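Next comes model11.txt, with compact mmCIF, C-alpha atoms.
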# COMPACT_ATOMS: atom_id res chain seq x y z
CA MET A 1 100.26 86.10 111.80
CA LYS A 2 99.07 88.27 114.68
CA PRO A 3 95.70 89.97 114.11
CA SER A 4 97.29 93.42 114.11
CA THR A 5 99.80 92.38 111.44
CA ALA A 6 96.99 90.96 109.36
CA HIS A 7 95.06 94.21 109.74
CA LYS A 8 98.08 96.25 108.68
CA PHE A 9 98.56 94.09 105.61
CA VAL A 10 94.88 94.23 104.68
CA GLY A 11 94.86 97.99 105.27
CA LEU A 12 97.83 98.52 102.99
CA LEU A 13 96.38 96.22 100.33
CA PHE A 14 92.92 97.78 100.24
CA GLY A 15 94.36 101.28 100.53
CA ALA A 16 96.54 100.55 97.51
CA GLY A 17 93.56 99.07 95.63
CA PHE A 18 91.47 102.14 96.40
CA GLY A 19 94.27 104.52 95.36
CA PHE A 20 94.86 102.50 92.21
CA VAL A 21 91.23 102.80 91.06
CA LEU A 22 91.09 106.51 91.93
CA ALA A 23 94.22 107.19 89.87
CA ALA A 24 93.17 104.89 87.02
CA ALA A 25 89.91 106.84 86.67
CA ASN A 26 91.74 110.20 87.00
CA LEU A 27 89.75 111.10 90.12
CA HIS A 28 92.89 112.62 91.61
CA GLU A 29 92.90 115.35 88.98
CA TYR A 30 91.40 118.70 89.91
CA ASP A 31 90.10 119.01 86.35
CA THR A 32 88.10 115.75 86.54
CA ILE A 33 86.34 116.78 89.76
CA HIS A 34 85.84 120.34 88.56
CA ARG A 35 84.28 119.23 85.27
CA MET A 36 81.95 116.94 87.23
CA LEU A 37 80.89 119.71 89.62
CA ARG A 38 80.43 122.11 86.71
CA LEU A 39 78.01 119.46 85.40
CA GLU A 40 79.96 119.28 82.15
CA GLU A 41 80.65 115.59 82.47
CA ILE A 42 78.55 112.78 83.92
CA ASP A 43 81.29 110.13 84.29
CA VAL A 44 82.12 110.60 87.97
CA PHE A 45 78.45 110.52 88.94
CA LEU A 46 78.09 107.29 86.96
CA LEU A 47 81.24 105.93 88.61
CA MET A 48 79.80 106.57 92.07
CA GLY A 49 76.51 105.07 90.96
CA GLY A 50 78.38 102.03 89.68
CA ALA A 51 80.21 101.65 92.98
CA ILE A 52 77.00 101.92 95.01
CA GLY A 53 75.09 99.77 92.51
CA THR A 54 77.66 97.02 92.96
CA SER A 55 78.22 97.18 96.72
CA LEU A 56 74.67 97.89 97.93
CA PRO A 57 73.01 94.70 96.63
CA LEU A 58 76.06 92.57 97.52
CA LEU A 59 76.15 93.88 101.10
CA TRP A 60 72.40 93.45 101.39
CA TRP A 61 72.69 89.84 100.24
CA LEU A 62 75.64 89.15 102.57
CA GLU A 63 73.78 90.73 105.48
CA ARG A 64 70.75 88.54 104.83
CA ARG A 65 73.00 85.48 104.65
CA ARG A 66 74.48 86.50 108.03
CA ALA A 67 77.90 86.37 106.48
CA HIS A 68 81.01 86.06 108.60
CA THR A 69 83.96 88.37 107.95
CA ALA A 70 87.52 87.03 107.90
CA LEU A 71 88.92 89.12 110.77
CA GLY A 72 85.97 91.02 112.24
CA GLY A 73 83.32 88.50 113.29
CA PRO A 74 79.77 88.52 111.91
CA LEU A 75 79.14 91.16 109.24
CA ARG A 76 77.59 94.18 110.87
CA LEU A 77 76.31 97.04 108.74
CA SER A 78 75.25 100.26 110.37
CA ARG A 79 72.41 102.59 109.63
CA SER A 80 71.35 105.74 111.37
CA GLN A 81 68.79 108.48 111.06
CA PRO A 82 69.87 111.85 109.70
CA ARG A 83 70.71 114.56 112.20
CA ARG A 84 71.50 118.22 111.68
CA GLU A 85 75.24 117.40 111.82
CA HIS A 86 74.86 115.35 108.65
CA VAL A 87 73.26 118.28 106.83
CA ILE A 88 75.49 121.09 108.14
CA GLY A 89 78.64 118.96 107.98
CA GLY A 90 77.69 117.76 104.52
CA ALA A 91 77.14 121.33 103.31
CA LEU A 92 80.53 122.41 104.70
CA PHE A 93 82.23 119.37 103.20
CA GLY A 94 80.67 119.99 99.79
CA THR A 95 81.70 123.66 99.84
CA GLY A 96 85.31 122.83 100.74
CA TRP A 97 85.37 120.02 98.21
CA ALA A 98 84.34 122.38 95.40
CA VAL A 99 86.97 124.97 96.39
CA SER A 100 89.90 122.59 96.77
CA GLY A 101 88.76 120.34 93.91
CA THR A 102 89.63 117.09 95.60
CA CYS A 103 88.37 115.06 98.54
CA PRO A 104 90.37 113.25 101.25
CA ALA A 105 91.44 110.05 99.44
CA PRO A 106 92.10 111.57 95.97
CA ALA A 107 94.13 114.35 97.65
CA LEU A 108 96.66 111.69 98.70
CA VAL A 109 96.87 110.36 95.14
CA MET A 110 97.10 113.90 93.81
CA PHE A 111 100.13 114.49 96.01
CA ALA A 112 101.66 111.19 94.89
CA SER A 113 101.13 112.23 91.27
CA GLY A 114 103.54 115.10 91.80
CA ALA A 115 101.13 117.96 92.49
CA GLY A 116 102.97 119.63 95.35
CA LEU A 117 100.04 121.89 96.24
CA ALA A 118 98.07 118.81 97.30
CA ALA A 119 100.28 118.80 100.40
CA VAL A 120 98.47 122.01 101.38
CA THR A 121 95.14 120.24 100.88
CA ILE A 122 96.22 117.31 103.06
CA LEU A 123 97.51 119.68 105.75
CA GLY A 124 94.24 121.63 105.65
CA LEU A 125 92.25 118.42 105.99
CA PHE A 126 94.16 117.41 109.12
CA LEU A 127 93.62 120.94 110.48
CA GLY A 128 89.89 120.90 109.77
CA LEU A 129 89.37 117.43 111.23
CA ASN A 130 91.17 118.46 114.42
CA LEU A 131 89.36 121.79 114.65
CA ARG A 132 86.08 119.91 114.78
CA ALA A 133 87.42 117.50 117.38
CA ALA A 134 88.71 120.43 119.46
CA HIS A 135 85.35 122.15 119.18
CA LEU A 136 83.58 119.04 120.43
CA ARG A 137 85.99 118.74 123.36
CA ARG A 138 85.27 122.36 124.33
CA THR A 139 81.53 122.03 124.08
CA ASP A 140 81.39 118.51 125.46
CA GLY A 141 79.57 117.56 122.27
CA ALA A 142 78.32 114.11 121.46
CA ALA A 143 79.79 111.92 118.76
CA THR A 144 78.21 112.15 115.34
CA ALA A 145 76.59 108.94 114.25
CA ALA A 146 78.19 108.45 110.90
CA ASP A 147 77.64 105.41 108.83
CA GLY A 148 80.76 105.82 106.85
CA GLU A 149 83.04 105.80 109.80
CA HIS A 150 81.21 105.78 113.08
CA ARG A 151 82.56 102.54 114.45
CA GLU A 152 86.02 103.99 114.73
CA VAL A 153 85.70 107.72 114.61
CA VAL A 154 84.25 108.42 118.00
CA VAL A 155 84.63 112.14 118.40
CA GLY A 156 83.84 114.41 121.29
CA ARG A 157 85.31 112.36 124.08
CA MET B 1 112.84 101.81 84.19
CA LEU B 2 109.88 100.58 86.16
CA VAL B 3 107.72 103.18 84.46
CA ALA B 4 108.90 102.08 81.05
CA THR B 5 108.17 98.44 81.86
CA PHE B 6 104.59 99.14 82.94
CA ALA B 7 103.85 101.77 80.33
CA ALA B 8 100.52 101.70 78.51
CA VAL B 9 99.05 98.82 80.52
CA LEU B 10 96.28 101.13 81.69
CA PRO B 11 94.21 103.35 79.40
CA ASP B 12 94.43 107.11 79.64
CA ARG B 13 91.38 107.01 81.87
CA LEU B 14 89.66 103.87 83.12
CA ALA B 15 85.98 104.00 82.12
CA TRP B 16 83.39 104.56 84.87
CA TYR B 17 81.70 101.22 84.18
CA LEU B 18 84.93 99.46 85.13
CA ALA B 19 86.19 101.79 87.86
CA GLY B 20 82.79 102.08 89.60
CA PRO B 21 82.16 98.36 90.10
CA ALA B 22 85.85 97.87 91.00
CA LEU B 23 85.43 100.42 93.76
CA GLY B 24 82.21 98.72 94.86
CA LEU B 25 83.96 95.35 95.07
CA LEU B 26 86.75 96.89 97.17
CA VAL B 27 84.12 98.23 99.57
CA VAL B 28 82.47 94.80 99.86
CA GLY B 29 85.86 93.11 100.17
CA PHE B 30 86.95 95.43 102.99
CA PHE B 31 83.72 94.69 104.85
CA MET B 32 84.17 90.95 104.34
CA VAL B 33 87.70 91.00 105.74
CA VAL B 34 87.79 93.59 108.54
CA ASN B 35 84.07 94.43 108.91
CA GLN B 36 84.76 98.13 108.39
CA PRO B 37 83.71 100.80 105.90
CA LEU B 38 86.41 101.79 103.41
CA GLY B 39 86.32 105.48 104.36
CA ALA B 40 89.15 107.96 103.98
CA THR B 41 88.17 110.40 106.73
CA GLY B 42 88.57 107.69 109.37
CA ALA B 43 91.99 106.91 107.95
CA TYR B 44 93.06 110.56 108.35
CA VAL B 45 91.75 110.67 111.92
CA GLU B 46 93.40 107.43 112.99
CA THR B 47 96.65 108.32 111.23
CA TYR B 48 96.79 111.60 113.13
CA LYS B 49 96.02 109.83 116.42
CA THR B 50 98.71 107.25 115.67
CA VAL B 51 101.32 109.89 114.87
CA VAL B 52 100.65 111.91 118.04
CA ARG B 53 100.35 108.65 120.04
CA GLU B 54 96.86 109.39 121.24
CA PRO B 55 95.49 106.52 123.35
CA GLY B 56 92.94 104.36 121.56
CA ALA B 57 94.31 105.06 118.09
CA VAL B 58 93.52 102.38 115.52
CA THR B 59 97.11 102.17 114.32
CA TRP B 60 96.59 99.80 111.39
CA ARG B 61 94.42 102.43 109.67
CA MET B 62 97.63 104.35 109.02
CA PHE B 63 98.68 101.54 106.67
CA TYR B 64 95.42 102.01 104.80
CA PHE B 65 96.18 105.76 104.66
CA LEU B 66 99.67 105.08 103.25
CA GLY B 67 98.38 102.49 100.80
CA ILE B 68 96.22 105.03 98.95
CA PRO B 69 99.08 107.13 97.45
CA ILE B 70 101.15 103.98 96.82
CA GLY B 71 98.36 102.37 94.79
CA GLY B 72 97.78 105.68 93.03
CA LEU B 73 101.41 105.90 92.06
CA VAL B 74 101.35 102.37 90.62
CA ALA B 75 98.30 103.18 88.48
CA ILE B 76 99.83 106.43 87.23
CA ALA B 77 103.04 104.59 86.32
CA MET B 78 100.99 102.08 84.31
CA LYS B 79 99.50 104.74 82.03
CA ASP B 80 100.97 105.27 78.62
CA ASP B 81 102.56 108.61 79.37
CA GLY B 82 103.52 107.86 82.96
CA PHE B 83 103.98 110.93 85.12
CA VAL B 84 103.78 113.56 82.40
CA ARG B 85 100.08 114.18 82.10
CA ARG B 86 99.07 115.26 85.63
CA SER B 87 97.58 118.72 85.80
CA GLY B 88 97.35 119.24 89.57
CA TYR B 89 96.05 122.68 90.39
CA ASP B 90 97.05 124.15 87.00
CA ALA B 91 93.49 125.39 86.44
CA LEU B 92 93.73 127.54 89.58
CA ARG B 93 97.37 128.48 89.04
CA ASN B 94 96.55 129.89 85.60
CA GLU B 95 94.25 132.42 87.26
CA MET B 96 95.95 133.13 90.59
CA SER B 97 99.41 133.50 92.09
CA LEU B 98 100.97 130.56 93.90
CA GLY B 99 100.36 132.16 97.29
CA THR B 100 96.70 132.91 96.59
CA THR B 101 96.11 129.43 95.18
CA ALA B 102 97.71 127.85 98.26
CA LEU B 103 95.57 130.01 100.55
CA VAL B 104 92.35 129.20 98.67
CA VAL B 105 93.15 125.48 98.65
CA LEU B 106 94.07 125.55 102.35
CA VAL B 107 90.84 127.29 103.38
CA GLY B 108 88.82 124.89 101.23
CA ALA B 109 90.54 121.89 102.78
CA VAL B 110 90.02 123.13 106.36
CA VAL B 111 86.30 123.66 105.70
CA MET B 112 86.15 120.23 104.02
CA GLY B 113 87.89 118.52 106.94
CA TYR B 114 85.72 120.24 109.52
CA GLY B 115 82.58 119.28 107.61
CA ALA B 116 83.72 115.69 107.09
CA ARG B 117 84.24 115.17 110.81
CA MET B 118 80.99 116.92 111.64
CA ALA B 119 79.04 114.80 109.18
CA GLY B 120 81.04 111.73 110.18
CA GLY B 121 82.26 110.82 106.72
CA CYS B 122 83.30 112.02 103.31
CA THR B 123 82.81 111.01 99.68
CA SER B 124 84.01 107.47 100.40
CA GLY B 125 82.65 107.02 103.94
CA HIS B 126 79.16 108.42 103.36
CA GLY B 127 79.07 108.69 99.58
CA ILE B 128 79.85 105.08 98.83
CA CYS B 129 80.13 102.97 102.02
CA GLY B 130 77.27 104.61 103.92
CA THR B 131 74.87 104.67 100.99
CA ALA B 132 75.75 101.04 100.22
CA GLN B 133 74.84 100.13 103.81
CA ARG B 134 71.44 101.71 103.10
CA SER B 135 71.82 104.28 105.83
CA PRO B 136 69.37 107.20 105.65
CA ALA B 137 71.91 109.54 107.31
CA SER B 138 74.50 108.76 104.64
CA TRP B 139 72.04 109.36 101.81
CA VAL B 140 71.14 112.73 103.35
CA ALA B 141 74.81 113.67 103.88
CA THR B 142 75.72 112.58 100.33
CA CYS B 143 72.89 114.50 98.67
CA THR B 144 73.77 117.55 100.78
CA PHE B 145 77.48 117.61 99.92
CA MET B 146 76.82 116.88 96.26
CA GLY B 147 74.33 119.74 96.08
CA ALA B 148 76.57 122.11 98.05
CA ALA B 149 79.56 121.29 95.84
CA VAL B 150 77.64 121.92 92.62
CA VAL B 151 76.24 125.22 93.94
CA THR B 152 79.66 126.34 95.23
CA THR B 153 81.25 125.51 91.87
CA LEU B 154 78.59 127.63 90.15
CA VAL B 155 79.31 130.51 92.54
CA ILE B 156 83.07 130.18 91.85
CA ARG B 157 82.33 130.23 88.14
CA VAL B 158 80.28 133.42 88.45
CA ILE B 159 82.82 135.17 90.72
CA SER B 160 85.73 134.27 88.43
CA GLY B 161 83.80 135.38 85.38
CA GLY B 162 83.81 131.84 83.97
CA ALA B 163 87.59 131.48 84.24
CA ILE B 164 87.50 128.76 86.93

Show me this structure written as structure tokens.
Amino acid sequence: MKPSTAHKFVGLLFGAGFGFVLAAANLHEYDTIHRMLRLEEIDVFLLMGGAIGTSLPLLWWLERRRAHTALGGPLRLSRSQPRREHVIGGALFGTGWAVSGTCPAPALVMFASGAGLAAVTILGLFLGLNLRAAHLRRTDGAATAADGEHREVVVGR
Amino acid sequence: MLVATFAAVLPDRLAWYLAGPALGLLVVGFFMVVNQPLGATGAYVETYKTVVREPGAVTWRMFYFLGIPIGGLVAIAMKDDGFVRRSGYDALRNEMSLGTTALVVLVGAVVMGYGARMAGGCTSGHGICGTAQRSPASWVATCTFMGAAVVTTLVIRVISGGAI
């Protein structure tokens, strides 16, 4: 199997796994997210805590062991110091998240669940992501160091 | 038929203490295979680049993007009442017309997308993958968007007179 084929397969598999868990826990429902953000229900906070509580120590241990990944060479985690983009971008993201009641991955599941309006959310997300990229092109801005994504999302070039 | 076969395999809602660690294991698994964070914003960006044939697009990320709704659909089909129970934007639709709801959702999503690209990640990229990598920037971004979302929700509640 060519590396790119393997990557496509792994991408599809992990994407499906991610979507499966989101849907199983009802994270694709506006009501679930809204109840969480209204602080009426603690479950989603606990879910995120459970995800971090599982992956953080495991990744730490694997990093210390100098683990090798199957397709990507030696495991390389990335850490960076906060910049104003993280704060301003985070504040904008949080505001939009509260208004539209879903974030990027659950929006895809929401659409799959038959909520047609989620198509508007997905369209808006693509628009917003590209607006930022266009802004950076105009201002010759530097890429944001982002630990979630920064190895692939190099913006501003 | 498929729906009927799978019905009631999954509970109405998978408990956080199962879904959380499952998500965490997916994050670790993705790192251990492709050495990448399991973030959704990157998938959107690379999918767009792939579709418009921008040079340097990471094309396989589109398969990750497509996998998310497929997996979601499978889980929904495995619940006892299949596709019936989804509420979508009903909470907003009960208070506003279809046009207004679409406009509100669109504006929210544009702001969310802009912010995600500015911060360099979203709920999955920063909120789970970044924090799990022990990155100070991700912890700051996560605390900021959590706080902003809670405050915005409170403001929406006040403006709508408690309706939303």

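For the pair CA of Met32 (chain B) and CA of Ser124 (chain B), the interatomic distance is 17.0 Å.
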
Hey, could you make a per-residue contact list for region 4-110 of chain A against region 56-69 of chain B with 8 Å as the cut-off, showing the nearest pair of atoms and its distance in Å to one decimal, counting only C-alpha atoms, sorted by chain and number, as JSON lines?
{"residue": "A:Ser4", "atom": "CA", "partner": "B:Trp60", "partner_atom": "CA", "distance": 7.0}
{"residue": "A:His7", "atom": "CA", "partner": "B:Trp60", "partner_atom": "CA", "distance": 6.0}
{"residue": "A:Lys8", "atom": "CA", "partner": "B:Trp60", "partner_atom": "CA", "distance": 4.7}
{"residue": "A:Phe9", "atom": "CA", "partner": "B:Phe63", "partner_atom": "CA", "distance": 7.5}
{"residue": "A:Val10", "atom": "CA", "partner": "B:Tyr64", "partner_atom": "CA", "distance": 7.8}
{"residue": "A:Gly11", "atom": "CA", "partner": "B:Tyr64", "partner_atom": "CA", "distance": 4.1}
{"residue": "A:Leu12", "atom": "CA", "partner": "B:Gly67", "partner_atom": "CA", "distance": 4.6}
{"residue": "A:Leu13", "atom": "CA", "partner": "B:Gly67", "partner_atom": "CA", "distance": 6.6}
{"residue": "A:Phe14", "atom": "CA", "partner": "B:Tyr64", "partner_atom": "CA", "distance": 6.7}
{"residue": "A:Gly15", "atom": "CA", "partner": "B:Gly67", "partner_atom": "CA", "distance": 4.2}
{"residue": "A:Ala16", "atom": "CA", "partner": "B:Gly67", "partner_atom": "CA", "distance": 4.2}
{"residue": "A:Gly17", "atom": "CA", "partner": "B:Ile68", "partner_atom": "CA", "distance": 7.3}
{"residue": "A:Phe18", "atom": "CA", "partner": "B:Ile68", "partner_atom": "CA", "distance": 6.1}
{"residue": "A:Gly19", "atom": "CA", "partner": "B:Ile68", "partner_atom": "CA", "distance": 4.1}
{"residue": "A:Phe20", "atom": "CA", "partner": "B:Ile68", "partner_atom": "CA", "distance": 7.3}
{"residue": "A:Ala105", "atom": "CA", "partner": "B:Ile68", "partner_atom": "CA", "distance": 6.9}
{"residue": "A:Leu108", "atom": "CA", "partner": "B:Pro69", "partner_atom": "CA", "distance": 5.3}
{"residue": "A:Val109", "atom": "CA", "partner": "B:Pro69", "partner_atom": "CA", "distance": 4.5}
{"residue": "A:Met110", "atom": "CA", "partner": "B:Pro69", "partner_atom": "CA", "distance": 7.9}

A straight line from CA of Thr139 (chain A) to CA of Leu127 (chain A) spans 18.2 Å

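Within the 9 Å cut-off around Leu59 (chain A), using all atoms listed in the file and omitting residues fewer than 4 positions from it on the same chain, the listed residues are A:Thr54, A:Ser55, A:Glu63, A:Arg64, A:Leu77, B:Val28, B:Phe31, B:Ala132, B:Gln133.
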
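For the pair CA of His126 (chain B) and CA of Gly39 (chain B), the separation is 7.8 Å.
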
Neighbours of Leu23 (chain B) within 7 Å (all atoms listed in the file; same-chain residues fewer than 4 positions away dropped), as a PyMOL selection string?
(chain A and resi 18+21+51) or (chain B and resi 19+27)

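Closest approach to chain A among B:Thr100, B:Thr47, B:Gln36, B:Ser135: B:Ser135, based on only C-alpha atoms.
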
Could you pull the residues within 6 Å of region 67-76 of chain A, counting all atoms listed in the file, minus those fewer than 2 positions along the same chain, as a PyMOL selection string?
(chain A and resi 62+65) or (chain B and resi 32-35)

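Between Ala119 (chain B) and the candidates B:Thr152, B:Ser87, B:Thr142, B:Ser160, the tightest atom-to-atom separation, counting only C-alpha atoms, involves B:Thr142.
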